[in-house]
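What follows is the content of work_11.cif, which has mmCIF, C-alpha atoms:
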data_structure
#
loop_
_atom_site.group_PDB
_atom_site.id
_atom_site.type_symbol
_atom_site.label_atom_id
_atom_site.label_comp_id
_atom_site.auth_asym_id
_atom_site.auth_seq_id
_atom_site.Cartn_x
_atom_site.Cartn_y
_atom_site.Cartn_z
ATOM 1 C CA MET N 1 -27.411 18.246 -16.605
ATOM 2 C CA SER N 2 -25.835 19.943 -13.639
ATOM 3 C CA SER N 3 -22.101 20.554 -13.611
ATOM 4 C CA LYS N 4 -21.741 18.230 -10.613
ATOM 5 C CA VAL N 5 -23.433 15.387 -12.464
ATOM 6 C CA SER N 6 -21.470 16.138 -15.619
ATOM 7 C CA ARG N 7 -18.150 16.166 -13.750
ATOM 8 C CA THR N 8 -19.041 12.879 -12.066
ATOM 9 C CA MET N 9 -19.831 11.219 -15.389
ATOM 10 C CA TRP N 10 -16.531 12.370 -16.878
ATOM 11 C CA SER N 11 -14.409 11.443 -13.857
ATOM 12 C CA LYS N 12 -15.936 7.992 -13.431
ATOM 13 C CA GLY N 13 -15.182 7.186 -17.069
ATOM 14 C CA LYS N 14 -18.792 6.515 -18.082
ATOM 15 C CA LEU N 15 -19.028 9.192 -20.754
ATOM 16 C CA SER N 16 -15.342 9.679 -21.454
ATOM 17 C CA ASP N 17 -14.899 6.048 -22.541
ATOM 18 C CA HIS N 18 -17.469 6.579 -25.287
ATOM 19 C CA PHE N 19 -16.210 10.049 -26.159
ATOM 20 C CA LYS N 20 -12.587 9.028 -26.713
ATOM 21 C CA GLU N 21 -13.668 6.487 -29.356
ATOM 22 C CA LEU N 22 -15.284 9.165 -31.554
ATOM 23 C CA PRO N 23 -13.471 10.587 -34.602
ATOM 24 C CA ILE N 24 -11.536 13.821 -34.028
ATOM 25 C CA ALA N 25 -13.890 15.831 -36.271
ATOM 26 C CA ILE N 26 -16.926 14.865 -34.175
ATOM 27 C CA LYS N 27 -15.126 15.671 -30.920
ATOM 28 C CA THR N 28 -14.069 19.055 -32.317
ATOM 29 C CA ALA N 29 -17.644 19.855 -33.387
ATOM 30 C CA PHE N 30 -18.922 18.848 -29.946
ATOM 31 C CA GLU N 31 -16.311 20.951 -28.162
ATOM 32 C CA LEU N 32 -16.998 23.954 -30.401
ATOM 33 C CA GLY N 33 -20.704 23.605 -29.623
ATOM 34 C CA ILE N 34 -19.904 23.842 -25.935
ATOM 35 C CA ALA N 35 -17.605 26.833 -26.513
ATOM 36 C CA LEU N 36 -20.361 28.670 -28.423
ATOM 37 C CA ASN N 37 -22.786 28.275 -25.540
ATOM 38 C CA VAL N 38 -20.511 29.540 -22.791
ATOM 39 C CA ALA N 39 -21.256 33.133 -21.842
ATOM 40 C CA LYS N 40 -17.657 34.194 -21.273
ATOM 41 C CA THR N 41 -14.339 34.178 -23.101
ATOM 42 C CA VAL N 42 -13.274 30.683 -24.109
ATOM 43 C CA ALA N 43 -9.775 29.577 -25.082
ATOM 44 C CA PHE N 44 -9.925 26.694 -27.563
ATOM 45 C CA TYR N 45 -6.714 24.708 -28.003
ATOM 46 C CA SER N 46 -6.269 22.317 -30.905
ATOM 47 C CA MET N 47 -3.202 20.269 -31.655
ATOM 48 C CA GLU N 48 -4.764 18.492 -34.634
ATOM 49 C CA MET N 49 -6.377 21.233 -36.721
ATOM 50 C CA GLU N 50 -5.283 24.656 -37.925
ATOM 51 C CA GLY N 51 -7.195 27.739 -36.819
ATOM 52 C CA ALA N 52 -8.757 28.234 -40.266
ATOM 53 C CA GLU N 53 -10.082 24.658 -40.229
ATOM 54 C CA ILE N 54 -11.578 25.195 -36.795
ATOM 55 C CA TYR N 55 -13.322 28.374 -37.945
ATOM 56 C CA GLU N 56 -14.653 26.523 -41.030
ATOM 57 C CA ARG N 57 -16.016 23.775 -38.783
ATOM 58 C CA LEU N 58 -17.530 26.399 -36.487
ATOM 59 C CA LEU N 59 -19.104 28.175 -39.479
ATOM 60 C CA SER N 60 -20.500 24.868 -40.736
ATOM 61 C CA ASN N 61 -21.899 24.122 -37.282
ATOM 62 C CA VAL N 62 -23.634 27.500 -36.901
ATOM 63 C CA LEU N 63 -24.928 27.561 -40.487
ATOM 64 C CA LYS N 64 -26.135 23.959 -40.178
ATOM 65 C CA VAL N 65 -24.565 23.037 -43.531
ATOM 66 C CA PRO N 66 -22.162 20.169 -44.259
ATOM 67 C CA MET N 67 -18.458 20.996 -44.318
ATOM 68 C CA ASN N 68 -18.142 19.902 -47.959
ATOM 69 C CA THR N 69 -20.647 22.603 -48.931
ATOM 70 C CA LEU N 70 -18.270 25.240 -47.586
ATOM 71 C CA ILE N 71 -15.074 23.574 -48.786
ATOM 72 C CA ASP N 72 -16.306 22.844 -52.323
ATOM 73 C CA ARG N 73 -18.105 26.206 -52.538
ATOM 74 C CA HIS N 74 -21.404 24.547 -53.581
ATOM 75 C CA PHE N 75 -23.180 27.767 -52.648
ATOM 76 C CA GLN N 76 -21.484 29.445 -55.647
ATOM 77 C CA ASP N 77 -22.767 26.885 -58.184
ATOM 78 C CA LYS N 78 -23.698 28.882 -61.330
ATOM 79 C CA ARG N 79 -26.461 26.379 -62.126
ATOM 80 C CA ARG N 80 -28.414 27.652 -59.123
ATOM 81 C CA PRO N 81 -30.514 30.810 -59.409
ATOM 82 C CA LYS N 82 -28.563 33.979 -58.600
ATOM 83 C CA ALA N 83 -31.041 34.979 -55.879
ATOM 84 C CA ILE N 84 -30.406 31.728 -53.989
ATOM 85 C CA ARG N 85 -26.620 32.067 -54.339
ATOM 86 C CA ASP N 86 -26.760 35.661 -53.105
ATOM 87 C CA GLU N 87 -28.987 34.684 -50.181
ATOM 88 C CA LYS N 88 -26.583 31.940 -49.092
ATOM 89 C CA LEU N 89 -23.553 34.213 -49.433
ATOM 90 C CA LEU N 90 -25.302 36.904 -47.372
ATOM 91 C CA ARG N 91 -26.137 34.334 -44.688
ATOM 92 C CA ILE N 92 -22.510 33.149 -44.606
ATOM 93 C CA GLU N 93 -21.327 36.755 -44.323
ATOM 94 C CA LYS N 94 -23.706 37.491 -41.416
ATOM 95 C CA VAL N 95 -22.668 34.383 -39.502
ATOM 96 C CA THR N 96 -18.979 35.135 -40.149
ATOM 97 C CA GLN N 97 -19.425 38.644 -38.722
ATOM 98 C CA HIS N 98 -21.213 37.149 -35.704
ATOM 99 C CA LEU N 99 -18.398 34.631 -35.127
ATOM 100 C CA LYS N 100 -15.776 37.400 -35.254
ATOM 101 C CA LYS N 101 -17.521 39.119 -32.326
ATOM 102 C CA LEU N 102 -17.565 36.013 -30.111
ATOM 103 C CA PRO N 103 -15.167 35.919 -27.167
ATOM 104 C CA LEU N 104 -13.502 32.792 -28.581
ATOM 105 C CA LYS N 105 -9.727 32.552 -28.694
ATOM 106 C CA ILE N 106 -8.354 29.738 -30.872
ATOM 107 C CA ASN N 107 -4.811 28.503 -30.424
ATOM 108 C CA ASP N 108 -3.677 25.957 -33.002
ATOM 109 C CA LYS N 109 -0.055 25.710 -31.905
ATOM 110 C CA PRO N 110 0.768 22.000 -32.379
ATOM 111 C CA HIS N 111 3.340 21.509 -29.606
ATOM 112 C CA ILE N 112 1.956 23.306 -26.589
ATOM 113 C CA SER N 113 2.417 22.157 -23.023
ATOM 114 C CA VAL N 114 -0.028 22.359 -20.151
ATOM 115 C CA ASN N 115 2.216 24.941 -18.488
ATOM 116 C CA GLU N 116 2.034 27.166 -21.603
ATOM 117 C CA ILE N 117 -1.765 26.899 -21.574
ATOM 118 C CA ARG N 118 -1.886 27.890 -17.909
ATOM 119 C CA ALA N 119 0.251 30.976 -18.544
#
What is this file in structure tokens?
Amino acid sequence: MSSKVSRTMWSKGKLSDHFKELPIAIKTAFELGIALNVAKTVAFYSMEMEGAEIYERLLSNVLKVPMNTLIDRHFQDKRRPKAIRDEKLLRIEKVTQHLKKLPLKINDKPHISVNEIRA
């Protein structure tokens, strides 16, 4: 979809009407997906989630694992074979290192104005 078409859809309210009805978590995941695919530095502002939560959601998105797997630490379950646990931990570590290198700046300041964002 070209940027002109995309802008038109958003400005005419066709897509934005559907988007605004989605839960915050889905919108955040969608927005993070866009931020990951932009080839330059991206500033990501969130007034609803803390920075750590955003990074967890980003990690979940890149790893393609549910959030509860990361939150509940299912990958450390002692009932699973050690080789599988180690493999998953290594994968998480590699993706975490990759995410640290991305030109993504997250600001989770809850009361930020448009003028502060512009500055």
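Note that the spacing between atom CA of N:Lys94 and atom CA of N:Met47 amounts to 28.5 Å.
Atom CA of N:Arg57 lies 18.6 Å from atom CA of N:Gln76.
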Selection under test: the PyMOL selection byres ((chain N and resi 61-74) around 8); residues as a list of chain:residue names =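 Applied to this file, the PyMOL selection byres ((chain N and resi 61-74) around 8) returns N:Ala29, N:Gly33, N:Glu56, N:Arg57, N:Leu58, N:Leu59, N:Ser60, N:Phe75, N:Gln76, N:Asp77, N:Ile92, N:Val95.
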Selection to disk with C-alpha atoms, as a JSON list (two decimals), in the frame of the given file:
[["chain", "number", "residue", "atom", "x", "y", "z"],
["N", 29, "ALA", "CA", -17.64, 19.86, -33.39],
["N", 33, "GLY", "CA", -20.70, 23.60, -29.62],
["N", 56, "GLU", "CA", -14.65, 26.52, -41.03],
["N", 57, "ARG", "CA", -16.02, 23.78, -38.78],
["N", 58, "LEU", "CA", -17.53, 26.40, -36.49],
["N", 59, "LEU", "CA", -19.10, 28.18, -39.48],
["N", 60, "SER", "CA", -20.50, 24.87, -40.74],
["N", 75, "PHE", "CA", -23.18, 27.77, -52.65],
["N", 76, "GLN", "CA", -21.48, 29.44, -55.65],
["N", 77, "ASP", "CA", -22.77, 26.88, -58.18],
["N", 92, "ILE", "CA", -22.51, 33.15, -44.61],
["N", 95, "VAL", "CA", -22.67, 34.38, -39.50]]
State, in Å with one decimal place, the distance from atom CA of N:Val42 to atom CA of N:Ala119.
-> 14.6 Å
Please evaluate the PyMOL selection byres ((chain N and resi 35) around 12) against the structure above and give the resulting residues as a short mmCIF file (atom, residue, chain, number, x, y, z; two decimals) with C-alpha atoms, in the frame of the given file.
data_model
loop_
_atom_site.label_atom_id
_atom_site.label_comp_id
_atom_site.auth_asym_id
_atom_site.auth_seq_id
_atom_site.Cartn_x
_atom_site.Cartn_y
_atom_site.Cartn_z
CA THR N 28 -14.07 19.06 -32.32
CA ALA N 29 -17.64 19.86 -33.39
CA PHE N 30 -18.92 18.85 -29.95
CA GLU N 31 -16.31 20.95 -28.16
CA LEU N 32 -17.00 23.95 -30.40
CA GLY N 33 -20.70 23.60 -29.62
CA ILE N 34 -19.90 23.84 -25.94
CA LEU N 36 -20.36 28.67 -28.42
CA ASN N 37 -22.79 28.28 -25.54
CA VAL N 38 -20.51 29.54 -22.79
CA ALA N 39 -21.26 33.13 -21.84
CA LYS N 40 -17.66 34.19 -21.27
CA THR N 41 -14.34 34.18 -23.10
CA VAL N 42 -13.27 30.68 -24.11
CA ALA N 43 -9.78 29.58 -25.08
CA PHE N 44 -9.93 26.69 -27.56
CA TYR N 45 -6.71 24.71 -28.00
CA LEU N 58 -17.53 26.40 -36.49
CA ASN N 61 -21.90 24.12 -37.28
CA LEU N 99 -18.40 34.63 -35.13
CA LEU N 102 -17.57 36.01 -30.11
CA PRO N 103 -15.17 35.92 -27.17
CA LEU N 104 -13.50 32.79 -28.58
CA LYS N 105 -9.73 32.55 -28.69
CA ILE N 106 -8.35 29.74 -30.87
#
Using 3 Å of padding on each side, determine the axis-aligned box around all atoms of stretch 86-104 of chain N present in the file and give its centre and edge lengths in Å to one decimal, as lines of an AutoDock Vina configuration file.
center_x = -21.2
center_y = 35.5
center_z = -40.1
size_x = 21.5
size_y = 13.2
size_z = 31.9
Answer as a PDB file with C-alpha atoms, in the coordinates of the input, residues within 9 Å of (2.2, 20.4, -34.8) using all atoms listed in the file:
ATOM      1  CA  MET N  47      -3.202  20.269 -31.655  1.00  0.00           C
ATOM      2  CA  GLU N  48      -4.764  18.492 -34.634  1.00  0.00           C
ATOM      3  CA  MET N  49      -6.377  21.233 -36.721  1.00  0.00           C
ATOM      4  CA  ASP N 108      -3.677  25.957 -33.002  1.00  0.00           C
ATOM      5  CA  LYS N 109      -0.055  25.710 -31.905  1.00  0.00           C
ATOM      6  CA  PRO N 110       0.768  22.000 -32.379  1.00  0.00           C
ATOM      7  CA  HIS N 111       3.340  21.509 -29.606  1.00  0.00           C
ATOM      8  CA  ILE N 112       1.956  23.306 -26.589  1.00  0.00           C
TER       9      ILE N 112
END
Which of N:Ile54, N:Arg79, N:Ile84, N:Val114 sits closest to N:Ile24 [using only C-alpha atoms] = N:Ile54
